[in-house]
$ cat run-v9.txt   # compact mmCIF, C-alpha atoms and all ligand atoms
# COMPACT_ATOMS: atom_id res chain seq x y z
CA MET A 3 7.43 6.77 16.41
CA ILE A 4 5.76 7.60 13.11
CA LEU A 5 5.84 5.00 10.33
CA VAL A 6 4.83 5.53 6.70
CA TYR A 7 3.27 2.64 4.79
CA PRO A 8 3.41 3.68 1.12
CA GLY A 9 1.94 1.92 -1.87
CA SER A 10 -0.13 2.18 -4.98
CA PHE A 11 -3.13 0.48 -3.32
CA ASP A 12 -4.89 0.15 -6.67
CA PRO A 13 -7.02 -1.14 -4.98
CA VAL A 14 -6.27 -1.91 -1.32
CA THR A 15 -6.48 -5.66 -0.62
CA ASN A 16 -6.82 -7.79 2.48
CA GLY A 17 -3.06 -8.34 2.24
CA HIS A 18 -2.46 -4.59 2.62
CA LEU A 19 -4.94 -4.43 5.51
CA ASP A 20 -3.05 -7.21 7.26
CA ILE A 21 0.11 -5.10 7.13
CA ILE A 22 -1.77 -1.92 8.16
CA GLU A 23 -3.29 -3.61 11.24
CA ARG A 24 -0.01 -5.16 12.36
CA ALA A 25 2.11 -2.08 11.62
CA ALA A 26 -0.29 0.15 13.57
CA CYS A 27 0.42 -1.99 16.66
CA ILE A 28 4.13 -1.25 16.68
CA CYS A 29 4.15 2.52 16.23
CA ASP A 30 2.53 5.61 17.69
CA LYS A 31 1.18 6.71 14.35
CA LEU A 32 0.91 4.96 10.99
CA ILE A 33 0.55 7.08 7.88
CA VAL A 34 -0.82 5.07 4.96
CA ALA A 35 0.34 6.99 1.91
CA VAL A 36 -1.06 6.46 -1.56
CA GLY A 37 1.53 7.29 -4.18
CA ASN A 38 1.63 7.13 -7.90
CA ASN A 39 3.93 4.66 -9.55
CA GLU A 40 4.28 6.33 -12.97
CA SER A 41 5.02 3.03 -14.67
CA LYS A 42 1.63 1.63 -13.66
CA ARG A 43 -1.61 2.83 -15.21
CA PRO A 44 -3.96 2.91 -12.23
CA ALA A 45 -7.57 1.80 -12.53
CA PHE A 46 -8.64 4.02 -9.62
CA THR A 47 -7.86 7.68 -9.03
CA VAL A 48 -5.72 8.61 -6.04
CA GLU A 49 -8.84 10.02 -4.33
CA GLU A 50 -10.74 6.77 -4.87
CA ARG A 51 -7.83 4.76 -3.50
CA VAL A 52 -7.59 6.93 -0.38
CA GLU A 53 -11.37 6.66 0.13
CA MET A 54 -11.35 2.88 -0.20
CA ILE A 55 -8.59 2.53 2.40
CA ARG A 56 -10.41 4.88 4.78
CA GLU A 57 -13.65 2.96 4.33
CA SER A 58 -11.87 -0.34 4.94
CA ILE A 59 -10.16 0.62 8.18
CA GLY A 60 -12.80 2.96 9.62
CA GLU A 61 -11.96 5.61 12.21
CA ARG A 62 -8.67 4.67 13.83
CA GLU A 63 -6.93 6.85 16.35
CA ASN A 64 -3.37 6.18 15.23
CA ILE A 65 -3.87 5.62 11.51
CA GLU A 66 -3.96 8.42 8.96
CA VAL A 67 -4.63 7.85 5.27
CA THR A 68 -3.34 10.35 2.76
CA SER A 69 -1.67 10.67 -0.63
CA PHE A 70 1.61 12.07 -1.81
CA THR A 71 3.35 13.14 -4.98
CA GLY A 72 7.06 13.28 -5.64
CA LEU A 73 9.64 11.29 -3.75
CA LEU A 74 8.70 9.03 -0.87
CA ALA A 75 11.85 10.09 1.02
CA ASP A 76 10.78 13.75 0.87
CA PHE A 77 7.26 12.91 1.99
CA ALA A 78 8.53 10.79 4.91
CA LYS A 79 10.79 13.62 6.04
CA LYS A 80 7.98 16.16 5.76
CA VAL A 81 5.67 14.16 8.02
CA GLY A 82 8.42 13.38 10.54
CA ALA A 83 8.49 9.62 9.93
CA ARG A 84 11.33 7.60 11.41
CA ALA A 85 10.86 4.74 8.97
CA VAL A 86 9.01 3.40 5.97
CA ILE A 87 7.34 0.03 6.39
CA LYS A 88 6.69 -2.33 3.48
CA GLY A 89 5.17 -5.78 3.20
CA LEU A 90 7.16 -8.63 1.70
CA ARG A 91 5.21 -11.43 0.11
CA ALA A 92 7.91 -13.62 -1.35
CA MET A 93 11.53 -13.62 -2.36
CA SER A 94 10.45 -12.12 -5.69
CA ASP A 95 9.52 -8.87 -3.89
CA PHE A 96 12.91 -8.67 -2.26
CA GLU A 97 15.13 -7.44 -5.08
CA TYR A 98 12.88 -4.52 -6.00
CA GLU A 99 12.22 -3.57 -2.38
CA PHE A 100 15.92 -3.80 -1.54
CA GLN A 101 16.71 -1.38 -4.37
CA MET A 102 13.98 1.03 -3.23
CA ALA A 103 15.20 0.86 0.38
CA LEU A 104 18.76 1.68 -0.69
CA LEU A 105 17.65 4.52 -2.95
CA ASN A 106 15.54 6.01 -0.19
CA LYS A 107 18.45 5.68 2.24
CA LYS A 108 20.68 7.49 -0.24
CA LEU A 109 18.13 10.27 -0.58
CA GLU A 110 17.38 10.52 3.14
CA PRO A 111 20.10 8.81 5.23
CA GLU A 112 18.15 8.99 8.49
CA LEU A 113 15.12 7.24 7.03
CA GLU A 114 15.00 3.49 7.70
CA THR A 115 12.99 0.92 5.76
CA LEU A 116 11.40 -1.91 7.73
CA PHE A 117 9.95 -5.04 6.16
CA MET A 118 7.07 -7.04 7.56
CA MET A 119 6.30 -10.50 6.20
CA THR A 120 2.82 -10.68 4.72
CA SER A 121 0.65 -13.28 6.45
CA VAL A 122 0.82 -16.53 4.53
CA GLN A 123 -2.84 -16.50 3.46
CA TYR A 124 -2.20 -13.29 1.48
CA SER A 125 1.19 -14.18 0.06
CA PHE A 126 -0.31 -14.88 -3.37
CA LEU A 127 -2.35 -11.68 -3.48
CA SER A 128 -1.72 -8.53 -5.53
CA SER A 129 -3.81 -5.59 -6.67
CA SER A 130 -3.29 -6.60 -10.31
CA ALA A 131 -4.63 -10.09 -9.60
CA VAL A 132 -7.72 -8.61 -7.93
CA LYS A 133 -8.33 -6.35 -10.95
CA GLU A 134 -7.89 -9.15 -13.43
CA ILE A 135 -10.29 -11.42 -11.57
CA ALA A 136 -12.89 -8.64 -11.24
CA ARG A 137 -12.61 -7.60 -14.90
CA ASN A 138 -13.28 -11.15 -15.94
CA GLY A 139 -16.25 -11.63 -13.66
CA GLY A 140 -14.46 -13.83 -11.12
CA CYS A 141 -15.11 -13.85 -7.39
CA ILE A 142 -13.01 -11.47 -5.29
CA ASP A 143 -14.59 -12.49 -1.97
CA GLY A 144 -11.95 -12.74 0.73
CA LEU A 145 -9.37 -10.91 -1.36
CA VAL A 146 -10.56 -7.37 -0.62
CA PRO A 147 -12.55 -5.88 2.26
CA ASP A 148 -16.29 -6.64 1.88
CA CYS A 149 -17.22 -2.95 2.12
CA ILE A 150 -15.36 -2.03 -1.09
CA LYS A 151 -16.06 -5.16 -3.12
CA ASP A 152 -19.09 -3.73 -4.97
CA ARG A 153 -17.20 -0.56 -5.79
CA ILE A 154 -14.32 -2.50 -7.31
CA GLU A 155 -16.60 -4.79 -9.29
CA GLY A 156 -18.75 -1.84 -10.40
CA LYS A 157 -15.80 0.11 -11.74
CA LEU A 158 -14.00 -2.74 -13.42
CA THR A 159 -16.79 -4.77 -14.92
CA CYS A 160 -18.56 -1.87 -16.65
CA ARG A 161 -15.46 -0.93 -18.69
N1 LIG B 201 -0.64 -7.81 0.23
C1 LIG B 201 -1.07 -7.83 -1.03
N2 LIG B 201 -0.42 -7.24 -2.04
C2 LIG B 201 0.72 -6.63 -1.74
C3 LIG B 201 1.25 -6.57 -0.46
C4 LIG B 201 0.51 -7.19 0.56
N3 LIG B 201 0.91 -7.19 1.82
N4 LIG B 201 2.39 -5.89 -0.47
C5 LIG B 201 2.60 -5.51 -1.73
N5 LIG B 201 1.59 -5.97 -2.50
C6 LIG B 201 1.46 -5.83 -3.93
C7 LIG B 201 0.64 -4.65 -4.35
O1 LIG B 201 -0.72 -4.98 -4.43
C8 LIG B 201 1.23 -4.35 -5.70
O2 LIG B 201 0.60 -5.17 -6.65
P1 LIG B 201 0.48 -4.73 -8.18
O3 LIG B 201 1.88 -4.66 -8.70
O4 LIG B 201 -0.32 -5.82 -8.75
O5 LIG B 201 -0.21 -3.38 -8.19
C9 LIG B 201 2.69 -4.76 -5.56
O6 LIG B 201 2.74 -5.58 -4.43
C10 LIG B 201 3.69 -3.66 -5.31
O7 LIG B 201 3.01 -2.54 -4.92
P2 LIG B 201 3.40 -1.42 -3.90
O8 LIG B 201 3.99 -1.99 -2.67
O9 LIG B 201 2.21 -0.59 -3.78
O10 LIG B 201 4.60 -0.69 -4.61
P3 LIG B 201 4.70 0.05 -5.96
O11 LIG B 201 5.78 -0.62 -6.70
O12 LIG B 201 3.41 0.20 -6.67
O13 LIG B 201 5.22 1.46 -5.43
C11 LIG B 201 5.19 3.52 -4.26
C12 LIG B 201 4.38 2.43 -4.94
C13 LIG B 201 4.28 4.70 -4.05
C14 LIG B 201 5.68 2.99 -2.92
C15 LIG B 201 6.44 3.88 -5.12
O14 LIG B 201 6.06 4.05 -6.46
C16 LIG B 201 7.13 5.15 -4.64
O15 LIG B 201 7.86 5.14 -3.66
N6 LIG B 201 6.90 6.28 -5.36
C17 LIG B 201 7.50 7.57 -5.06
C18 LIG B 201 8.72 7.87 -5.94
C19 LIG B 201 9.96 7.43 -5.23
O16 LIG B 201 10.31 7.95 -4.19
N7 LIG B 201 10.64 6.41 -5.80
C20 LIG B 201 11.80 5.82 -5.15
C21 LIG B 201 13.09 6.47 -5.51
S1 LIG B 201 13.44 6.33 -7.23

$ encode --input "run-v9.txt" --output "C-alpha cells" --more "lines below"
Ligand code: COA
Amino acid sequence: MILVYPGSFDPVTNGHLDIIERAACICDKLIVAVGNNESKRPAFTVEERVEMIRESIGERENIEVTSFTGLLADFAKKVGARAVIKGLRAMSDFEYEFQMALLNKKLEPELETLFMMTSVQYSFLSSSAVKEIARNGGCIDGLVPDCIKDRIEGKLTCR
C-alpha cells in the first residue's frame, strides 16, 4: 500500500520525522509530498524543503520525497496512493484536518485519510515556532534534525 504524507514542511521538524518514521513502518511505500499552502508565505523554497527532508531521512528504500502542485487528491490519485496520512498534535488540529479529509474524500471518494497521533514530546512543535525561535536567535536544538539546523539558522538569522 502506498501512503502520501503531505505538508508544507517549512521547514521539516523532528515532529514530522516522527510521523515519517512511523508511517513508513505501516506501508509498502511512503511518499512525502511538499505542497504549497497559498495562504502561508514560506521561508524556504519548495526545492529547499524537499532537500532538507531528504537530508534528514537519508537513503530509505520505501520513502520517496517529492513536491506537488494543485490538489492533493489529484496528486494522490496520480501516484496510486490508497490513503493520505497526517499527524495530529492536539484537538486544535482536528477541525481543520477533518475539513480537509472530507474535502479530499469529496474530490476523490476512494482516497482515505488516516491520522497518526504525534508523539507527545513533539505535540507542542510547529514549523512556525521553529522559524520564530531561529529568527530571534533562540536555540532550535532538538526541534529539528541536527543536519539541517545550520541551514535553517543561516537562512533565517541573516534576513
Ligand atoms: N510535528 C510538528 N509539526 C507538525 C506536525 C508534526 N507531527 N504535524 C503538523 N505540524 C505542523 C506543521 O509544522 C505546520 O505548522 P505551521 O502552521 O507552523 O507551518 C502545521 O502543523 C500544519 O501544517 P501541514 O500539516 O503541513 O499542513 P498545511 O496546512 O500547511 O497544508 C498541504 C499543507 C500541502 C497539505 C495543503 O495545503 C494541501 O493539501 N494543499 C493542496 C491543495 C488542496 O488539495 N487543498 C485541499 C482541498 S481545498

$ residues_near_ligand --input "run-v9.txt" --ligand "ligand LIG 201 (chain B)" --cutoff "6 Å" --atoms "all atoms listed in the file" --output "VMD selection string"
chain A and resid 8 to 11 15 17 to 18 21 37 to 39 72 to 75 89 to 90 102 105 to 106 120 124 127 to 130

$ residues_around --input "run-v9.txt" --residues "Lys157 in chain A" --least-positions-apart "4" --cutoff "10 Å" --atoms "only C-alpha atoms" --output "PyMOL selection string"
chain A and resi 45-46+133+136-137+152-153+161

$ atom_distance --input "run-v9.txt" --atom1 "CA of Val132 in chain A" --atom2 "CA of Thr68 in chain A"
22.2 Å

$ residues_near_point --input "run-v9.txt" --point "(11.0, -1.9, -0.9)" --cutoff "9 Å" --atoms "all atoms listed in the file" --output "ChimeraX atom specification"
/A:86-90,95-104,115-117

$ atom_distance --input "run-v9.txt" --atom1 "CA of Met119 in chain A" --atom2 "CA of Ala26 in chain A"
14.5 Å

$ closest_residue --input "run-v9.txt" --among "A:Thr71, A:Asn138, A:Ser125, A:Asn64" --to "Ile22 in chain A" --atoms "only C-alpha atoms"
A:Asn64

$ atom_distance --input "run-v9.txt" --atom1 "CA of Glu49 in chain A" --atom2 "CA of Val14 in chain A"
12.6 Å

$ closest_residue --input "run-v9.txt" --among "A:Ile65, A:Ile142, A:Val6, A:Ile59" --to "Cys27 in chain A" --atoms "all atoms listed in the file"
A:Ile65

$ closest_residue --input "run-v9.txt" --among "A:Asp76, A:Arg43, A:Ile135, A:Val52" --to "Lys151 in chain A" --atoms "all atoms listed in the file"
A:Ile135

$ axis_aligned_box --input "run-v9.txt" --around "range 134-149 of chain A" --padding-each-side "3 Å" --output "lines of an AutoDock Vina configuration file"
center_x = -12.6
center_y = -8.4
center_z = -6.8
size_x = 15.3
size_y = 16.9
size_z = 24.2

$ closest_residue --input "run-v9.txt" --among "A:Thr159, A:Val48, A:Met3, A:Glu40" --to "Glu114 in chain A" --atoms "all atoms listed in the file"
A:Met3

$ closest_residue --input "run-v9.txt" --among "A:Ala92, A:Ala85, A:Leu145, A:Ile55" --to "Glu23 in chain A" --atoms "all atoms listed in the file"
A:Ile55

$ closest_residue --input "run-v9.txt" --among "A:Met54, A:Glu61, A:Glu112, A:Met118" --to "Ile28 in chain A" --atoms "only C-alpha atoms"
A:Met118

$ build_atoms --input "run-v9.txt" --residues "range 119-133 of chain A" --atoms "N, CA, C and O atoms" --output "short mmCIF file (atom, residue, chain, number, x, y, z; two decimals), in the coordinates of the input"
data_model
loop_
_atom_site.label_atom_id
_atom_site.label_comp_id
_atom_site.auth_asym_id
_atom_site.auth_seq_id
_atom_site.Cartn_x
_atom_site.Cartn_y
_atom_site.Cartn_z
N MET A 119 6.74 -9.40 7.07
CA MET A 119 6.30 -10.50 6.20
C MET A 119 4.77 -10.50 6.11
O MET A 119 4.09 -10.45 7.14
N THR A 120 4.26 -10.57 4.92
CA THR A 120 2.82 -10.68 4.72
C THR A 120 2.34 -12.01 5.28
O THR A 120 3.04 -13.02 5.14
N SER A 121 1.18 -12.01 5.93
CA SER A 121 0.65 -13.28 6.45
C SER A 121 0.47 -14.26 5.30
O SER A 121 0.10 -13.87 4.18
N VAL A 122 0.72 -15.52 5.60
CA VAL A 122 0.82 -16.53 4.53
C VAL A 122 -0.44 -16.60 3.66
O VAL A 122 -0.35 -16.81 2.44
N GLN A 123 -1.60 -16.37 4.26
CA GLN A 123 -2.84 -16.50 3.46
C GLN A 123 -2.99 -15.40 2.41
O GLN A 123 -3.85 -15.48 1.55
N TYR A 124 -2.13 -14.37 2.48
CA TYR A 124 -2.20 -13.29 1.48
C TYR A 124 -0.95 -13.25 0.61
O TYR A 124 -0.76 -12.32 -0.17
N SER A 125 -0.10 -14.25 0.75
CA SER A 125 1.19 -14.18 0.06
C SER A 125 1.06 -14.28 -1.45
O SER A 125 1.98 -13.95 -2.19
N PHE A 126 -0.09 -14.73 -1.92
CA PHE A 126 -0.31 -14.88 -3.37
C PHE A 126 -1.05 -13.67 -3.95
O PHE A 126 -1.32 -13.62 -5.15
N LEU A 127 -1.41 -12.74 -3.09
CA LEU A 127 -2.35 -11.68 -3.48
C LEU A 127 -1.63 -10.45 -4.03
O LEU A 127 -0.56 -10.08 -3.58
N SER A 128 -2.23 -9.83 -5.06
CA SER A 128 -1.72 -8.53 -5.53
C SER A 128 -2.91 -7.73 -6.06
O SER A 128 -3.96 -8.30 -6.39
N SER A 129 -2.73 -6.43 -6.15
CA SER A 129 -3.81 -5.59 -6.67
C SER A 129 -4.11 -5.95 -8.12
O SER A 129 -5.27 -5.95 -8.55
N SER A 130 -3.08 -6.25 -8.89
CA SER A 130 -3.29 -6.60 -10.31
C SER A 130 -4.13 -7.86 -10.43
O SER A 130 -5.00 -7.94 -11.30
N ALA A 131 -3.86 -8.83 -9.55
CA ALA A 131 -4.63 -10.09 -9.60
C ALA A 131 -6.10 -9.80 -9.30
O ALA A 131 -7.00 -10.30 -9.99
N VAL A 132 -6.34 -8.96 -8.28
CA VAL A 132 -7.72 -8.61 -7.93
C VAL A 132 -8.42 -7.97 -9.13
O VAL A 132 -9.55 -8.31 -9.49
N LYS A 133 -7.73 -7.05 -9.80
CA LYS A 133 -8.33 -6.35 -10.95
C LYS A 133 -8.62 -7.32 -12.10
O LYS A 133 -9.67 -7.24 -12.74
#
